[in-house]
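Have a look at the structure below, then the notes.
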Amino acid sequence: MALTGGGSALTGGGSALFSGFRALGLYSNHVPHALHVHAKHREFYLSTAAGNRVHAYNVNKLGIVAVSNALPADVSCLAADRMLVFAACGQEVYALARNKEVVHVYRGAHEADVHVLLSLGDQLVSGDKLGTLVVWDVQSAEEYLRLHFDPATFDLSALLHPSTFLNKVLLGSHQGALQLWNIKTSKLLYTFPGWSSPVTALEQSPAVDVVGIGLASGRVVLLNIRTDTELLDVTQDLGPVTSLSFRTDGPPVMAASSPQGSVAFWDLEDKRLVAHLTDAHHSPIAAATFVHRQPLLVTNGSDNAIKVWTFDQGGGARLLRSREGHRAPPTFIRHHGYDGHNILSAGQDGTLRSFSTVHERFNKSLGHGCVDKKKNKKKGNNEKFLLPAITCFSCESAREADWDGVVALHRGEAAARTWNYQRCTMGKHLLAPPPGGCTRPVHATAVDITSCGNFAVVGSSSGQLDVYNLQSGLHRGCYGELAAHMGAVRGVHVDALNQRTWSAGAGDRLLHIWGFRTRKLTATLTLAASPARTLLHRDSGMLALALDDLSLVVVDTETSRVVRTFQGHRAQITDMTFSPDGRWLISCSMDCSIRTWDLPSACLVDCFLVEAAPVSISMATTGDFLATAHVDTLGVVLWSNRSLCGPVLLRPLPADFQAETLSLPGSAPSPAEDPHEGGGGAKDQIQKYEWPEQLEPRLLTLTALPVPRWRNLLHLDTIKRRNKPPQPPLREPGSAPFFLPTLPGLTPTFTLETEERSQVVQSKLVSALEQKSEFCVALETNRYHDALSVLKLLPPSRVDVELRLLLPDWGSAPELSLAFIRMIDVMLSGRRDFDLAQAYLALFLKLHLRAVSRDPVAMAALQELLGRLEAEWAWLQDSFNQSLCVLAYAKSALL
């Protein structure tokens, strides 16, 4: 990571630090799931919709198998066959292979959103809200048939392919009527008058020709569609029927789900209700499906939950496995533990959950807080015993194996509640202030647990600040005589050694510093505005405060002074977090921006916008992920830190920087290039910073060449002697030619090729010596920078040869040695390549000092060069001495 100054940052770029990775805690929504068996694996898979992505789970372990690529819109309905999963998004339908890749797109036939799908062998049937029914060829994605229905008389609501009915589709409507169509001949075969209630569910029963029909009135009818005869007509008291399913592993049982989150089980032989699964979900059940020939029932709902129920010998349903997330958006998140793998999240649904960044099997649910556990168990899940949502909490893992390690504040509650992370339950202590305090309604506003995990400090809206022991839950004292602040306490923190406590008040705009053990006020700092929230980085001792004037203030706890002030947010600051090393302060605001402030340089280095306003933010202790919670978003979003994977260019951003809006990632790691997702283009938009060869002319600049290229120039003879082989290589005599060369004549005479060849070789050597090198040519024409560039490209042995050829004895002009001395003078006067100039000069003097000493002009140039060298070394020595003095003073002086 590099931070450079100078110049304005680019506008319109994305984030240079963070890229969208994935979202945690997203499982299901209101779209009914699709259950299918894989042709090769012989295993049942469950497909659910989560926004614009499709999740695939194996029913055996309910583990995530795949997450589809991002689709252009939210999924409205699902269907599946043995190999493909079909998802409708707006007016288009997408076919997904391997539960991930889009292989076919069915578009151009619908003018309204598709809301019903049916997979029928090689055909796909889709219906939209304007009454258009289209039959597609799956492989070619071509339209096979189109039917149009008037929504005023027949509004499509459900589709079903009856078993053994070839090319037949049964259509249900909101008017209550049913129609049986032949999609091959495009003919209406029969119309069922219905029961004057909208058809909400159609399901094929195990019996041939018998179809289950669910109505909005709560009635369930078993109809023989071949004879148009009713076999069963029952009514449930739980409201409309959202889905139907039939058990195929033995007992003739039918399951009917309802919007109340309950499932009713009917015995088809005795025609009676045999079981009732209440509170299966906290929302309307989207679909309830029996697994073929297995005693398992799969349900999903809009409460962001997937559940698998098993049927024991008693006949009732028992929860076997589940995947659940927040059913209301999370409001406060924090990383828990030292490995950075777990994220504690409190949601508006009143639950406290833990999400793992490693695998979903490590997710935990700490449950919903209740006033009295015993009464709640006796009375059932009664809302009057449940606590309101958690506004904030503090967690510490130092002593969580011995007692409760999480303290949470509930909305409107004066007492703080403890939670146990390891037992995944609410704790046994109630941290309530002592009686006899403020008479007006009081609620807890701030909390912090000490680093040792033994104490908790809780601030209230009345300004009172109390200390509790977490092991016993007893009150250990309070700060101040009557109250710690005149108004509500907006933040409280304890340092890493339990020596000092900081509290910020909203009414008096003061930051108080207390002795932790004595609980006496030691210092006070007046703030420019009322603090909204605070955050302490215990390792670095930096305390960040978000003020009501939309500014950020960083206080050094050692000196009790404001060291940094940042401004730039345009709406309420919702949360803050420090990087693990304390170098960055990351803040989020209701203006949908997430900003990264660099504390050493006191500037904004990164900023990006998100689609939904962030309400809480937390960075892992390892620094690899940034977690955010957003408005109207059920999941916890992870952003990967790019600076850990490679060098990241960070530059100060101007005040008028226009950030780019990045889309929130889905439940799978975002690919490098996703055509449907925005953002992530900052890496391409930010130009690469070109480092100058010299920062300032007054500074000495060293060369950028590798050290072995110039440090060993004076020791080339030693290196050659050391690398010389112990004995010369053995050369085998060359083979004699088959025909010996002879001269023409009566007497045979052999030719003397060796002499001619030696003459040719000698002539080539002489011509090579007579030809001037590029370096010598550049020196003769006084192009010193070009000559230096040539030397930089040569290896040390070639540099030695070029410098040896500078004397007239080797055929060079006498002015070359003088030109070389002037080239070194130019390098020293420009203060560039200082170490390289020393090495070249040393080698030149080693080779030609005796010859140069006889040239008065060259000696005069060397005397001038010596004066320049002495002046540069004196200036450099003074700079070294000054830096050493400052460093010694910083180490020894008491600041």
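Letters for chains follow the order of the structure tokens (A, B, ...), residue numbers begin at 1 for each chain, and ligand numbers begin at 1 in the order shown.
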
Quiz item: Could you name the residues that touch range 770-787 of chain A at 8 Å or less, counting only C-alpha atoms, but leaving out those on the same chain fewer than 6 positions away, as number ranges by chain?
Solution: A: 802, 806, 811, 815-816, 819-820, 823, 826

Quiz item: Nearest to Val406 in chain A among A:Phe290, A:Phe393, A:Phe149, A:Tyr338, with distances taken over only C-alpha atoms: which residue is it?
Solution: A:Phe393

Exercise. List every residue of range 138-274 of chain A that DSSP, applied to the backbone of this structure, assigns to strand (DSSP E or B), and report them as an MDAnalysis selection string.
Key: chainID A and resid 143:148 156:160 168:173 178:182 187:192 199:204 210:215 219:224 229:235 243:246 253:257 263:267 272:274

Exercise. Would you please work out which residue, of A:His326, A:Arg334, A:Arg868, A:His115, is nearest to Pro32 in chain A when using only C-alpha atoms?
Key: A:His115

Practice problem: Within 9 Å of Gly176 in chain A, counting only C-alpha atoms, which residues show up once you throw out same-chain ones fewer than 6 positions away? Write them as number ranges by chain, please. | Solution: A: 154, 192-199, 215

Preceding selection exported with C-alpha atoms as a CSV table (one decimal), in the first residue's frame:
```csv
chain,number,residue,atom,x,y,z
A,154,PHE,CA,-59.8,-15.9,-16.4
A,192,PHE,CA,-64.3,-26.8,-14.3
A,193,PRO,CA,-66.7,-24.3,-12.8
A,194,GLY,CA,-64.8,-24.1,-9.5
A,195,TRP,CA,-65.9,-23.2,-6.0
A,196,SER,CA,-66.3,-19.4,-6.3
A,197,SER,CA,-62.9,-18.8,-4.6
A,198,PRO,CA,-59.5,-18.0,-6.1
A,199,VAL,CA,-57.3,-21.1,-6.8
A,215,LEU,CA,-58.4,-22.2,-2.4
```

Quiz item: Could you pull the residues within 10 Å of Glu360 in chain A, counting only C-alpha atoms, minus those fewer than 2 positions along the same chain, as a VMD selection string?
Solution: chain A and resid 24 to 25 63 to 64 323 355 to 358 362 to 364

Pull the closest atom pair for each residue of range 573-686 of chain A that gets at most 9 Å from range 528-537 of chain A, along with the distance in Å to one decimal, counting only C-alpha atoms, ordering rows by chain and then ascending residue number, as CSV.
```
residue,atom,partner,partner_atom,distance
A:Ile573,CA,A:Ala532,CA,7.9
A:Thr574,CA,A:Arg533,CA,8.1
A:Asp575,CA,A:Arg533,CA,7.4
A:Met576,CA,A:Leu535,CA,6.9
A:Thr577,CA,A:Leu535,CA,7.2
A:Phe578,CA,A:His537,CA,6.7
A:Ser579,CA,A:His537,CA,8.9
A:Pro580,CA,A:His537,CA,8.5
A:Gly582,CA,A:His537,CA,6.8
```

How would the residues just chosen look if you wrote them out with N, CA and C atoms as a PDB file, in the first residue's frame?
```pdb
ATOM      1  N   ILE A 573     -24.132  10.285  10.498  1.00  0.00           N
ATOM      2  CA  ILE A 573     -23.130   9.223  10.547  1.00  0.00           C
ATOM      3  C   ILE A 573     -23.694   8.097  11.402  1.00  0.00           C
ATOM      4  N   THR A 574     -23.811   6.917  10.819  1.00  0.00           N
ATOM      5  CA  THR A 574     -24.467   5.801  11.501  1.00  0.00           C
ATOM      6  C   THR A 574     -23.511   4.915  12.284  1.00  0.00           C
ATOM      7  N   ASP A 575     -22.260   4.769  11.816  1.00  0.00           N
ATOM      8  CA  ASP A 575     -21.336   3.884  12.529  1.00  0.00           C
ATOM      9  C   ASP A 575     -19.913   4.153  12.047  1.00  0.00           C
ATOM     10  N   MET A 576     -18.942   3.612  12.816  1.00  0.00           N
ATOM     11  CA  MET A 576     -17.527   3.763  12.499  1.00  0.00           C
ATOM     12  C   MET A 576     -16.798   2.482  12.883  1.00  0.00           C
ATOM     13  N   THR A 577     -15.624   2.301  12.292  1.00  0.00           N
ATOM     14  CA  THR A 577     -14.758   1.187  12.652  1.00  0.00           C
ATOM     15  C   THR A 577     -13.328   1.544  12.306  1.00  0.00           C
ATOM     16  N   PHE A 578     -12.398   0.998  13.084  1.00  0.00           N
ATOM     17  CA  PHE A 578     -10.976   1.188  12.839  1.00  0.00           C
ATOM     18  C   PHE A 578     -10.414  -0.032  12.122  1.00  0.00           C
ATOM     19  N   SER A 579      -9.360   0.197  11.344  1.00  0.00           N
ATOM     20  CA  SER A 579      -8.611  -0.931  10.805  1.00  0.00           C
ATOM     21  C   SER A 579      -7.811  -1.574  11.934  1.00  0.00           C
ATOM     22  N   PRO A 580      -7.388  -2.831  11.802  1.00  0.00           N
ATOM     23  CA  PRO A 580      -6.684  -3.490  12.910  1.00  0.00           C
ATOM     24  C   PRO A 580      -5.423  -2.756  13.360  1.00  0.00           C
ATOM     25  N   GLY A 582      -5.020   0.453  13.249  1.00  0.00           N
ATOM     26  CA  GLY A 582      -5.368   1.797  13.674  1.00  0.00           C
ATOM     27  C   GLY A 582      -5.001   2.881  12.699  1.00  0.00           C
TER      28      GLY A 582
END
```

Self-check item: For Arg490 in chain A: contacts at 12 Å, only C-alpha atoms, fewer than 2 positions along chain excluded, given as number ranges by chain
Solution: A: 392, 443-448, 458-465, 484-488, 492-493, 502-512, 530-535, 545-548

Keeping only C-alpha atoms, write the selected residues to a file as a PDB file, in the first residue's frame.
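Okay, this is what ended up in part.pdb:
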```pdb
ATOM      1  CA  CYS A 392     -26.417  -1.934  20.473  1.00  0.00           C
ATOM      2  CA  HIS A 443     -33.365   3.716  29.015  1.00  0.00           C
ATOM      3  CA  ALA A 444     -29.820   2.462  28.497  1.00  0.00           C
ATOM      4  CA  THR A 445     -27.955   4.172  25.657  1.00  0.00           C
ATOM      5  CA  ALA A 446     -24.301   3.003  25.733  1.00  0.00           C
ATOM      6  CA  VAL A 447     -22.368  -0.036  26.937  1.00  0.00           C
ATOM      7  CA  ASP A 448     -18.799  -1.320  26.965  1.00  0.00           C
ATOM      8  CA  VAL A 458     -23.553   1.045  31.061  1.00  0.00           C
ATOM      9  CA  GLY A 459     -24.684   4.598  30.335  1.00  0.00           C
ATOM     10  CA  SER A 460     -28.297   5.759  30.341  1.00  0.00           C
ATOM     11  CA  SER A 461     -30.405   8.543  28.890  1.00  0.00           C
ATOM     12  CA  SER A 462     -30.416  10.346  32.249  1.00  0.00           C
ATOM     13  CA  GLY A 463     -26.628  10.769  32.186  1.00  0.00           C
ATOM     14  CA  GLN A 464     -25.975   8.064  34.765  1.00  0.00           C
ATOM     15  CA  LEU A 465     -22.950   5.810  34.295  1.00  0.00           C
ATOM     16  CA  ALA A 484     -21.870  11.593  34.872  1.00  0.00           C
ATOM     17  CA  HIS A 485     -23.409  13.956  32.289  1.00  0.00           C
ATOM     18  CA  MET A 486     -26.219  16.468  32.044  1.00  0.00           C
ATOM     19  CA  GLY A 487     -27.828  14.618  29.142  1.00  0.00           C
ATOM     20  CA  ALA A 488     -27.853  11.185  27.601  1.00  0.00           C
ATOM     21  CA  VAL A 492     -18.560   4.937  26.995  1.00  0.00           C
ATOM     22  CA  HIS A 493     -15.219   3.139  26.700  1.00  0.00           C
ATOM     23  CA  TRP A 502     -14.131   7.866  28.643  1.00  0.00           C
ATOM     24  CA  SER A 503     -17.756   8.961  28.435  1.00  0.00           C
ATOM     25  CA  ALA A 504     -19.398  11.374  25.979  1.00  0.00           C
ATOM     26  CA  GLY A 505     -22.581  13.269  26.811  1.00  0.00           C
ATOM     27  CA  ALA A 506     -25.107  14.660  24.366  1.00  0.00           C
ATOM     28  CA  GLY A 507     -26.533  17.417  26.558  1.00  0.00           C
ATOM     29  CA  ASP A 508     -23.339  19.031  27.866  1.00  0.00           C
ATOM     30  CA  ARG A 509     -21.175  18.254  24.760  1.00  0.00           C
ATOM     31  CA  LEU A 510     -18.369  17.081  27.034  1.00  0.00           C
ATOM     32  CA  LEU A 511     -15.927  14.203  26.906  1.00  0.00           C
ATOM     33  CA  HIS A 512     -15.149  13.139  30.474  1.00  0.00           C
ATOM     34  CA  SER A 530     -23.056  16.935  20.562  1.00  0.00           C
ATOM     35  CA  PRO A 531     -21.587  13.468  20.007  1.00  0.00           C
ATOM     36  CA  ALA A 532     -23.761  10.950  18.201  1.00  0.00           C
ATOM     37  CA  ARG A 533     -21.593   7.855  18.748  1.00  0.00           C
ATOM     38  CA  THR A 534     -18.071   6.957  19.798  1.00  0.00           C
ATOM     39  CA  LEU A 535     -15.502   4.248  19.074  1.00  0.00           C
ATOM     40  CA  LEU A 545     -16.377  10.589  17.880  1.00  0.00           C
ATOM     41  CA  ALA A 546     -19.117  11.256  15.324  1.00  0.00           C
ATOM     42  CA  LEU A 547     -20.706  14.612  16.065  1.00  0.00           C
ATOM     43  CA  ASP A 548     -24.140  15.910  15.220  1.00  0.00           C
TER      44      ASP A 548
END
```

Quiz prompt | range 75-79 of chain A environment, 8 Å, only C-alpha atoms, sequence neighbours closer than 5 positions dropped, as an NGL selection string | solution = :A and (31-34 or 47-54 or 85-90 or 114-119)

Could you write those residues out with N, CA, C and O atoms, as an mmCIF file, in the first residue's frame?
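Result went into result_21.cif, see below:
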```cif
data_model
loop_
_atom_site.group_PDB
_atom_site.id
_atom_site.type_symbol
_atom_site.label_atom_id
_atom_site.label_comp_id
_atom_site.auth_asym_id
_atom_site.auth_seq_id
_atom_site.Cartn_x
_atom_site.Cartn_y
_atom_site.Cartn_z
ATOM 1 N N VAL A 31 -40.784 -16.253 -2.529
ATOM 2 C CA VAL A 31 -40.962 -17.074 -3.725
ATOM 3 C C VAL A 31 -40.967 -18.553 -3.325
ATOM 4 O O VAL A 31 -40.068 -19.002 -2.612
ATOM 5 N N PRO A 32 -41.957 -19.349 -3.753
ATOM 6 C CA PRO A 32 -41.965 -20.784 -3.428
ATOM 7 C C PRO A 32 -40.729 -21.481 -3.995
ATOM 8 O O PRO A 32 -40.248 -21.161 -5.083
ATOM 9 N N HIS A 33 -40.206 -22.430 -3.238
ATOM 10 C CA HIS A 33 -39.005 -23.139 -3.655
ATOM 11 C C HIS A 33 -39.335 -24.146 -4.758
ATOM 12 O O HIS A 33 -40.500 -24.436 -5.039
ATOM 13 N N ALA A 34 -38.283 -24.664 -5.366
ATOM 14 C CA ALA A 34 -38.402 -25.715 -6.389
ATOM 15 C C ALA A 34 -37.589 -26.909 -5.919
ATOM 16 O O ALA A 34 -36.384 -26.786 -5.668
ATOM 17 N N SER A 47 -34.034 -25.467 -4.544
ATOM 18 C CA SER A 47 -33.673 -24.168 -5.108
ATOM 19 C C SER A 47 -34.587 -23.099 -4.530
ATOM 20 O O SER A 47 -35.813 -23.241 -4.556
ATOM 21 N N THR A 48 -33.979 -22.053 -3.991
ATOM 22 C CA THR A 48 -34.729 -20.936 -3.419
ATOM 23 C C THR A 48 -34.234 -19.633 -4.041
ATOM 24 O O THR A 48 -33.125 -19.560 -4.576
ATOM 25 N N ALA A 49 -35.058 -18.619 -3.942
ATOM 26 C CA ALA A 49 -34.720 -17.304 -4.489
ATOM 27 C C ALA A 49 -34.315 -16.384 -3.347
ATOM 28 O O ALA A 49 -34.950 -16.362 -2.288
ATOM 29 N N ALA A 50 -33.233 -15.645 -3.580
ATOM 30 C CA ALA A 50 -32.775 -14.633 -2.625
ATOM 31 C C ALA A 50 -32.391 -13.395 -3.420
ATOM 32 O O ALA A 50 -31.254 -13.252 -3.878
ATOM 33 N N GLY A 51 -33.350 -12.529 -3.643
ATOM 34 C CA GLY A 51 -33.094 -11.350 -4.456
ATOM 35 C C GLY A 51 -32.965 -11.717 -5.925
ATOM 36 O O GLY A 51 -33.844 -12.353 -6.509
ATOM 37 N N ASN A 52 -31.856 -11.344 -6.523
ATOM 38 C CA ASN A 52 -31.614 -11.634 -7.937
ATOM 39 C C ASN A 52 -30.726 -12.850 -8.143
ATOM 40 O O ASN A 52 -30.127 -13.006 -9.201
ATOM 41 N N ARG A 53 -30.640 -13.717 -7.158
ATOM 42 C CA ARG A 53 -29.846 -14.934 -7.260
ATOM 43 C C ARG A 53 -30.669 -16.132 -6.819
ATOM 44 O O ARG A 53 -31.631 -15.996 -6.054
ATOM 45 N N VAL A 54 -30.251 -17.303 -7.274
ATOM 46 C CA VAL A 54 -30.906 -18.557 -6.928
ATOM 47 C C VAL A 54 -29.916 -19.403 -6.138
ATOM 48 O O VAL A 54 -28.778 -19.631 -6.585
ATOM 49 N N VAL A 85 -32.711 -25.406 -13.843
ATOM 50 C CA VAL A 85 -33.549 -24.621 -12.938
ATOM 51 C C VAL A 85 -33.968 -23.370 -13.690
ATOM 52 O O VAL A 85 -33.128 -22.664 -14.262
ATOM 53 N N PHE A 86 -35.278 -23.087 -13.707
ATOM 54 C CA PHE A 86 -35.827 -21.948 -14.442
ATOM 55 C C PHE A 86 -36.231 -20.866 -13.444
ATOM 56 O O PHE A 86 -36.928 -21.145 -12.456
ATOM 57 N N ALA A 87 -35.780 -19.657 -13.714
ATOM 58 C CA ALA A 87 -36.071 -18.508 -12.857
ATOM 59 C C ALA A 87 -36.631 -17.387 -13.709
ATOM 60 O O ALA A 87 -36.053 -17.019 -14.737
ATOM 61 N N ALA A 88 -37.763 -16.851 -13.271
ATOM 62 C CA ALA A 88 -38.408 -15.743 -13.980
ATOM 63 C C ALA A 88 -37.999 -14.433 -13.330
ATOM 64 O O ALA A 88 -38.095 -14.270 -12.106
ATOM 65 N N CYS A 89 -37.533 -13.500 -14.160
ATOM 66 C CA CYS A 89 -37.130 -12.172 -13.700
ATOM 67 C C CYS A 89 -37.807 -11.137 -14.593
ATOM 68 O O CYS A 89 -37.412 -10.966 -15.759
ATOM 69 N N GLY A 90 -38.818 -10.505 -14.066
ATOM 70 C CA GLY A 90 -39.545 -9.542 -14.872
ATOM 71 C C GLY A 90 -40.276 -10.221 -16.014
ATOM 72 O O GLY A 90 -41.079 -11.137 -15.811
ATOM 73 N N VAL A 114 -43.669 -12.174 -15.390
ATOM 74 C CA VAL A 114 -44.035 -13.586 -15.319
ATOM 75 C C VAL A 114 -44.206 -13.972 -13.856
ATOM 76 O O VAL A 114 -43.329 -13.694 -13.021
ATOM 77 N N HIS A 115 -45.313 -14.641 -13.525
ATOM 78 C CA HIS A 115 -45.561 -15.000 -12.132
ATOM 79 C C HIS A 115 -45.880 -16.483 -11.935
ATOM 80 O O HIS A 115 -46.002 -16.924 -10.782
ATOM 81 N N VAL A 116 -46.010 -17.265 -13.009
ATOM 82 C CA VAL A 116 -46.212 -18.708 -12.882
ATOM 83 C C VAL A 116 -45.327 -19.409 -13.908
ATOM 84 O O VAL A 116 -45.177 -18.953 -15.045
ATOM 85 N N LEU A 117 -44.715 -20.528 -13.495
ATOM 86 C CA LEU A 117 -43.855 -21.334 -14.356
ATOM 87 C C LEU A 117 -44.192 -22.803 -14.165
ATOM 88 O O LEU A 117 -44.591 -23.235 -13.078
ATOM 89 N N LEU A 118 -44.001 -23.578 -15.238
ATOM 90 C CA LEU A 118 -44.232 -25.020 -15.186
ATOM 91 C C LEU A 118 -43.269 -25.692 -16.155
ATOM 92 O O LEU A 118 -43.219 -25.344 -17.343
ATOM 93 N N SER A 119 -42.482 -26.634 -15.640
ATOM 94 C CA SER A 119 -41.576 -27.417 -16.476
ATOM 95 C C SER A 119 -42.299 -28.676 -16.924
ATOM 96 O O SER A 119 -42.780 -29.461 -16.101
#
```

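One distance worth recording is that between CA of Val605 in chain A and CA of Pro652 in chain A, which is 5.0 Å.
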
Practice problem: Using only C-alpha atoms, determine which residues lie at most 9 Å from range 590-602 of chain A, disregarding the query and same-chain residues fewer than 2 positions distant; provide the list as a ChimeraX atom specification. | Solution: /A:3,17,554,564-566,568-574,582-588,604-615,652,659,661
